[in-house]
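Here's the structure, in structure tokens; my notes come after.
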2 protein chains.
Amino acid sequence: MYEQLFSSIRDRVRLADNEAEEIKRFFVPKKIRKRQFLLNAGEVCRYIAFVEKGMLRSFSVDLQGHEQVVSFACEGWWISDLSSFLSGDEAVYNIEALEDSELLLLTTESMEEMLNHIHGMERYFRLLMQNHIVSLQRRLVASLNYSAEDKYRKLLEINPDIISRAPLQHIASYLGVTPETLSRIRKQVSRKP
Amino acid sequence: MYEQLFSSIRDRVRLADNEAEEIKRFFVPKKIRKRQFLLNAGEVCRYIAFVEKGMLRSFSVDLQGHEQVVSFACEGWWISDLSSFLSGDEAVYNIEALEDSELLLLTTESMEEMLNHIHGMERYFRLLMQNHIVSLQRRLVASLNYSAEDKYRKLLEINPDIISRAPLQHIASYLGVTPETLSRIRKQVSRKP
DNA sequence: CGCGGGTTTGATGATGCTCAAGCCCGGTGG
DNA sequence: CCACCGGGCTTGAGCATCATCAAACCCGCG
């Protein structure tokens, strides 16, 4: 149940032998079924969730009722409304399971306690934040300068998991195109990879 | 020389009376003239810069030689290649002064020392990071879902400084449109605000 | 005064959206 | 087990937005 988590941590920092065991107690395991919501916009996001198994998406809904997919999370990824989690404000994003999933939840309080107890985790989360900023910036540059097809190819290259597992309409929203356009791009790409 | 900095800090955390003085010593003031570069892609970014006066931009250059403006920074803003600063890797962004500017530079070492000495600054930088992520995410959603004109109007509303002070071509790049398109949008908007 | 970079304007074309219809497939109820 | 939904994906036609290319314009500066 904790394999993915420890492999994510050990990719970034060294853990003492006993620390792995200690870390477990700060997390609350949770199973969630396809289509269930982990977070509704308007609530306060009380935890960040690590995905051990399955897949989720976060998305906002604009004034016209259109969904905008902001991120996906498969095994080994974190997902949350970070702003709401850190500040205690109301969440602007919804989080929904796209598959039956197994999560490890970390509340603000657990996190703080863990950071005090296990020094290496400070570094782990700082690296996560940093990577998050870098990838947001890359996505931003891509979204501003690349064609729809290029963005699709890039996603296919960097994150084939998402493309093979998420429904087309959600991928389209994530890329900022309509489902029709993505359908045509996909045909195009399958002909000439 | 430190007015903007202290007002930025005091907006977010309380400082003890003597702390303001202490903080100063961690920064290195630097003046930089219009068109000078604070950072070249390929170097390591050794500091984050706080803008007391003036204006800068950060931008990347793609394989075809096209510039992509990633951010602007006016008075009261920080600018850096965060990834390079935090990890020590080579910078992918250039930073250039668009006006004669007065900066306060903070190196990695100074920053670490300051965080140890002055507890409130931990919080200050965490809030900065958090705001940075939130604003990147907002910009991303906007860039994926809004028309060029809507993005321009939004920028005009949120950050009129940039629009009045930066050259059109750089604003265009920042918004992900061509200078021609932005010129037409600007005419359009000036007619019907 | 003339040069040159940046901006504006115009004409044309590509990319991607909208609307509409058809298709495919998994789930449900008879 | 089959018929029938119904949601999601595909396909098509027409249209809006924005890019490209080219030329003119403007203005600060040598």
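Labeling convention for the structure tokens: chains A, B, ... as they appear, residues from 1 per chain, ligands from 1 in order of appearance.
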
Expected answer as an mmCIF file with N, CA and C atoms (P, O5', C5', C4', C3', O3' and C1' of nucleotides), in the first residue's frame: chain D residues within 10 Å of chain A, only C-alpha atoms (C1' of nucleotides):
```
data_model
loop_
_atom_site.group_PDB
_atom_site.id
_atom_site.type_symbol
_atom_site.label_atom_id
_atom_site.label_comp_id
_atom_site.auth_asym_id
_atom_site.auth_seq_id
_atom_site.Cartn_x
_atom_site.Cartn_y
_atom_site.Cartn_z
ATOM 1 P P DG D 8 -20.197 10.982 -21.263
ATOM 2 O "O5'" DG D 8 -19.251 10.494 -22.442
ATOM 3 C "C5'" DG D 8 -18.616 9.228 -22.326
ATOM 4 C "C4'" DG D 8 -18.054 8.850 -23.674
ATOM 5 C "C3'" DG D 8 -17.092 9.892 -24.259
ATOM 6 O "O3'" DG D 8 -15.982 9.203 -24.768
ATOM 7 C "C1'" DG D 8 -18.744 9.371 -25.825
ATOM 8 P P DC D 9 -14.629 9.963 -25.036
ATOM 9 O "O5'" DC D 9 -14.420 9.703 -26.601
ATOM 10 C "C5'" DC D 9 -14.457 8.363 -27.070
ATOM 11 C "C4'" DC D 9 -14.825 8.353 -28.526
ATOM 12 C "C3'" DC D 9 -13.952 9.234 -29.414
ATOM 13 O "O3'" DC D 9 -13.206 8.385 -30.290
ATOM 14 C "C1'" DC D 9 -16.268 9.394 -29.968
ATOM 15 P P DT D 10 -12.268 9.012 -31.436
ATOM 16 O "O5'" DT D 10 -13.279 9.233 -32.638
ATOM 17 C "C5'" DT D 10 -13.784 8.099 -33.330
ATOM 18 C "C4'" DT D 10 -14.646 8.545 -34.496
ATOM 19 C "C3'" DT D 10 -13.937 9.363 -35.581
ATOM 20 O "O3'" DT D 10 -14.120 8.673 -36.811
ATOM 21 C "C1'" DT D 10 -15.991 10.381 -34.973
ATOM 22 P P DT D 11 -13.211 8.938 -38.073
ATOM 23 O "O5'" DT D 11 -14.122 9.895 -38.971
ATOM 24 C "C5'" DT D 11 -15.454 9.493 -39.262
ATOM 25 C "C4'" DT D 11 -16.243 10.649 -39.836
ATOM 26 C "C3'" DT D 11 -15.474 11.601 -40.755
ATOM 27 O "O3'" DT D 11 -16.031 11.497 -42.053
ATOM 28 C "C1'" DT D 11 -16.898 12.780 -39.261
#
```

Chain A residues within 12 Å of chain B, counting only C-alpha atoms: which ones, as an MDAnalysis selection string? chainID A and resid 58:62 66:71 81:87 91:93 123 125:148 151 172:178

Check chain A with DSSP on the backbone and list each residue it calls helix (DSSP H, G or I), as a PyMOL selection string. chain A and resi 3-10+17-24+82-87+108-117+120-145+148-158+160-165+168-175+179-191

Identify, on the basis of only C-alpha atoms (C1' of nucleotides), every residue whose closest approach to B:Gly120 does not exceed 8 Å; exclude the query and any residue fewer than 6 positions from it along the same chain; express the result as a list in words. Val13, Arg14 and Leu15 of chain B

Would you please give, as a PDB file with C-alpha atoms, in the first residue's frame, all residues of chain B that DSSP assigns to strand (DSSP E) based on the backbone?
```pdb
ATOM      1  CA  VAL B  28      23.234  43.021  -2.274  1.00  0.00           C
ATOM      2  CA  PRO B  29      21.916  46.157  -3.996  1.00  0.00           C
ATOM      3  CA  LYS B  30      22.560  46.365  -7.708  1.00  0.00           C
ATOM      4  CA  LYS B  31      21.723  48.899 -10.371  1.00  0.00           C
ATOM      5  CA  ILE B  32      21.257  47.687 -13.888  1.00  0.00           C
ATOM      6  CA  PHE B  37      21.138  41.189 -18.858  1.00  0.00           C
ATOM      7  CA  LEU B  38      20.934  39.993 -15.277  1.00  0.00           C
ATOM      8  CA  LEU B  39      21.064  36.374 -16.417  1.00  0.00           C
ATOM      9  CA  TYR B  47      20.349  34.803  -6.936  1.00  0.00           C
ATOM     10  CA  ILE B  48      16.759  35.812  -6.906  1.00  0.00           C
ATOM     11  CA  ALA B  49      16.248  39.498  -7.518  1.00  0.00           C
ATOM     12  CA  PHE B  50      13.765  41.820  -5.891  1.00  0.00           C
ATOM     13  CA  VAL B  51      12.823  44.863  -7.954  1.00  0.00           C
ATOM     14  CA  GLU B  52      12.919  48.128  -6.000  1.00  0.00           C
ATOM     15  CA  LYS B  53      12.622  50.239  -9.107  1.00  0.00           C
ATOM     16  CA  LEU B  56      12.614  43.411 -16.178  1.00  0.00           C
ATOM     17  CA  ARG B  57      11.500  40.454 -18.208  1.00  0.00           C
ATOM     18  CA  SER B  58      12.470  36.801 -18.298  1.00  0.00           C
ATOM     19  CA  PHE B  59      12.311  34.882 -21.544  1.00  0.00           C
ATOM     20  CA  SER B  60      13.444  31.720 -23.235  1.00  0.00           C
ATOM     21  CA  VAL B  61      14.626  31.303 -26.804  1.00  0.00           C
ATOM     22  CA  GLU B  67      11.787  34.611 -27.881  1.00  0.00           C
ATOM     23  CA  GLN B  68       9.095  33.568 -25.447  1.00  0.00           C
ATOM     24  CA  VAL B  69       8.449  36.029 -22.635  1.00  0.00           C
ATOM     25  CA  VAL B  70       7.688  34.107 -19.462  1.00  0.00           C
ATOM     26  CA  SER B  71       7.310  36.892 -16.923  1.00  0.00           C
ATOM     27  CA  PHE B  72       7.676  40.580 -16.211  1.00  0.00           C
ATOM     28  CA  ALA B  73       8.722  42.088 -12.896  1.00  0.00           C
ATOM     29  CA  TRP B  78      10.752  39.037  -7.539  1.00  0.00           C
ATOM     30  CA  ILE B  79      12.372  37.648 -10.656  1.00  0.00           C
ATOM     31  CA  ASN B  94      17.333  35.023 -19.840  1.00  0.00           C
ATOM     32  CA  ILE B  95      16.580  38.039 -17.669  1.00  0.00           C
ATOM     33  CA  GLU B  96      16.865  41.490 -19.183  1.00  0.00           C
ATOM     34  CA  ALA B  97      16.189  44.982 -17.866  1.00  0.00           C
ATOM     35  CA  SER B 101      16.436  49.323 -12.580  1.00  0.00           C
ATOM     36  CA  GLU B 102      17.429  49.003  -8.940  1.00  0.00           C
ATOM     37  CA  LEU B 103      17.535  45.476  -7.600  1.00  0.00           C
ATOM     38  CA  LEU B 104      18.184  43.690  -4.331  1.00  0.00           C
ATOM     39  CA  LEU B 105      19.938  40.397  -4.900  1.00  0.00           C
ATOM     40  CA  LEU B 106      19.699  37.413  -2.598  1.00  0.00           C
ATOM     41  CA  THR B 107      22.075  34.477  -3.070  1.00  0.00           C
TER      42      THR B 107
END
```

Near B:Met55, counting only C-alpha atoms (C1' of nucleotides), which residues have an atom at most 6 Å away, once you skip same-chain residues fewer than 6 positions from it, shown as a ChimeraX atom specification? /B:73-74,98-99

When the cut-off is 9 Å and we count only C-alpha atoms (C1' of nucleotides), which residues of chain C are near chain A, given as a compact mmCIF listing (two decimals) with N, CA and C atoms (P, O5', C5', C4', C3', O3' and C1' of nucleotides), in the first residue's frame?
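Final output, saved to selection-v2.txt:
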```
# COMPACT_ATOMS: atom_id res chain seq x y z
P DT C 15 -2.22 24.35 -40.70
O5' DT C 15 -2.74 24.58 -39.22
C5' DT C 15 -2.37 25.76 -38.50
C4' DT C 15 -3.44 26.08 -37.48
C3' DT C 15 -4.04 24.85 -36.77
O3' DT C 15 -3.88 25.05 -35.39
C1' DT C 15 -5.74 26.29 -37.55
P DG C 16 -4.17 23.82 -34.36
O5' DG C 16 -5.67 24.15 -33.89
C5' DG C 16 -5.93 25.40 -33.26
C4' DG C 16 -7.42 25.62 -33.19
C3' DG C 16 -8.22 24.46 -32.56
O3' DG C 16 -9.13 25.04 -31.65
C1' DG C 16 -9.17 25.08 -34.60
P DC C 17 -10.15 24.21 -30.76
O5' DC C 17 -11.52 25.00 -31.07
C5' DC C 17 -11.55 26.41 -30.94
C4' DC C 17 -12.92 26.91 -31.36
C3' DC C 17 -14.09 26.15 -30.73
O3' DC C 17 -15.06 27.06 -30.24
C1' DC C 17 -14.23 26.06 -33.11
```

Do you have the atom CA of A:Lys154-atom CA of A:Gln4 distance handy?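 Computing the Euclidean distance for atom CA of A:Lys154 and atom CA of A:Gln4 yields 24.9 Å.
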
Give me, as a list in words, all polymer residues having an atom no more than 12 Å from D:DC21, counting only C-alpha atoms (C1' of nucleotides) and skipping those fewer than 5 positions away in the same chain. Glu180 of chain B; DG10, DA11, DT12 and DG13 of chain C

Kindly save the residues from that selection, with N, CA and C atoms (P, O5', C5', C4', C3', O3' and C1' of nucleotides) included, as a short mmCIF file (atom, residue, chain, number, x, y, z; two decimals), in the first residue's frame.
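What follows is the written file selection_6.cif:
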```cif
data_model
loop_
_atom_site.label_atom_id
_atom_site.label_comp_id
_atom_site.auth_asym_id
_atom_site.auth_seq_id
_atom_site.Cartn_x
_atom_site.Cartn_y
_atom_site.Cartn_z
N GLU B 180 1.36 41.76 -34.46
CA GLU B 180 0.29 42.28 -35.32
C GLU B 180 -1.07 42.09 -34.67
P DG C 10 -6.38 49.45 -43.01
"O5'" DG C 10 -5.92 48.31 -44.01
"C5'" DG C 10 -4.98 48.60 -45.04
"C4'" DG C 10 -4.67 47.34 -45.83
"C3'" DG C 10 -5.87 46.39 -46.03
"O3'" DG C 10 -5.99 46.10 -47.42
"C1'" DG C 10 -3.98 45.20 -45.22
P DA C 11 -7.16 45.25 -48.02
"O5'" DA C 11 -6.41 43.89 -48.34
"C5'" DA C 11 -5.21 43.91 -49.13
"C4'" DA C 11 -4.72 42.48 -49.34
"C3'" DA C 11 -5.83 41.47 -49.66
"O3'" DA C 11 -5.32 40.54 -50.61
"C1'" DA C 11 -4.69 40.80 -47.70
P DT C 12 -6.31 39.38 -51.21
"O5'" DT C 12 -5.75 38.11 -50.44
"C5'" DT C 12 -4.35 37.76 -50.57
"C4'" DT C 12 -4.04 36.60 -49.66
"C3'" DT C 12 -5.01 35.41 -49.77
"O3'" DT C 12 -4.24 34.25 -50.06
"C1'" DT C 12 -4.61 35.97 -47.52
P DG C 13 -4.98 32.86 -50.36
"O5'" DG C 13 -4.50 32.02 -49.09
"C5'" DG C 13 -3.14 32.08 -48.64
"C4'" DG C 13 -3.03 31.35 -47.33
"C3'" DG C 13 -3.81 30.03 -47.26
"O3'" DG C 13 -3.01 29.07 -46.57
"C1'" DG C 13 -4.54 31.45 -45.54
#
```

List the neighbours of C:DG29 out to 12 Å using only C-alpha atoms (C1' of nucleotides); skip same-chain residues closer than 4 positions along the sequence, and give me the result as a list in words. DC1, DC2, DA3, DC4 and DC5 of chain D

Residues within 12 Å of C:DG4, please, as a PyMOL selection string. Count only C-alpha atoms (C1' of nucleotides); anything in the same chain fewer than 5 positions from it doesn't count. chain D and resi 26-30

What gap, in Å, lies between atom CA of B:Ile163 and atom CA of B:Leu5?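 Taking atom CA of B:Ile163 and atom CA of B:Leu5, their separation equals 22.9 Å.
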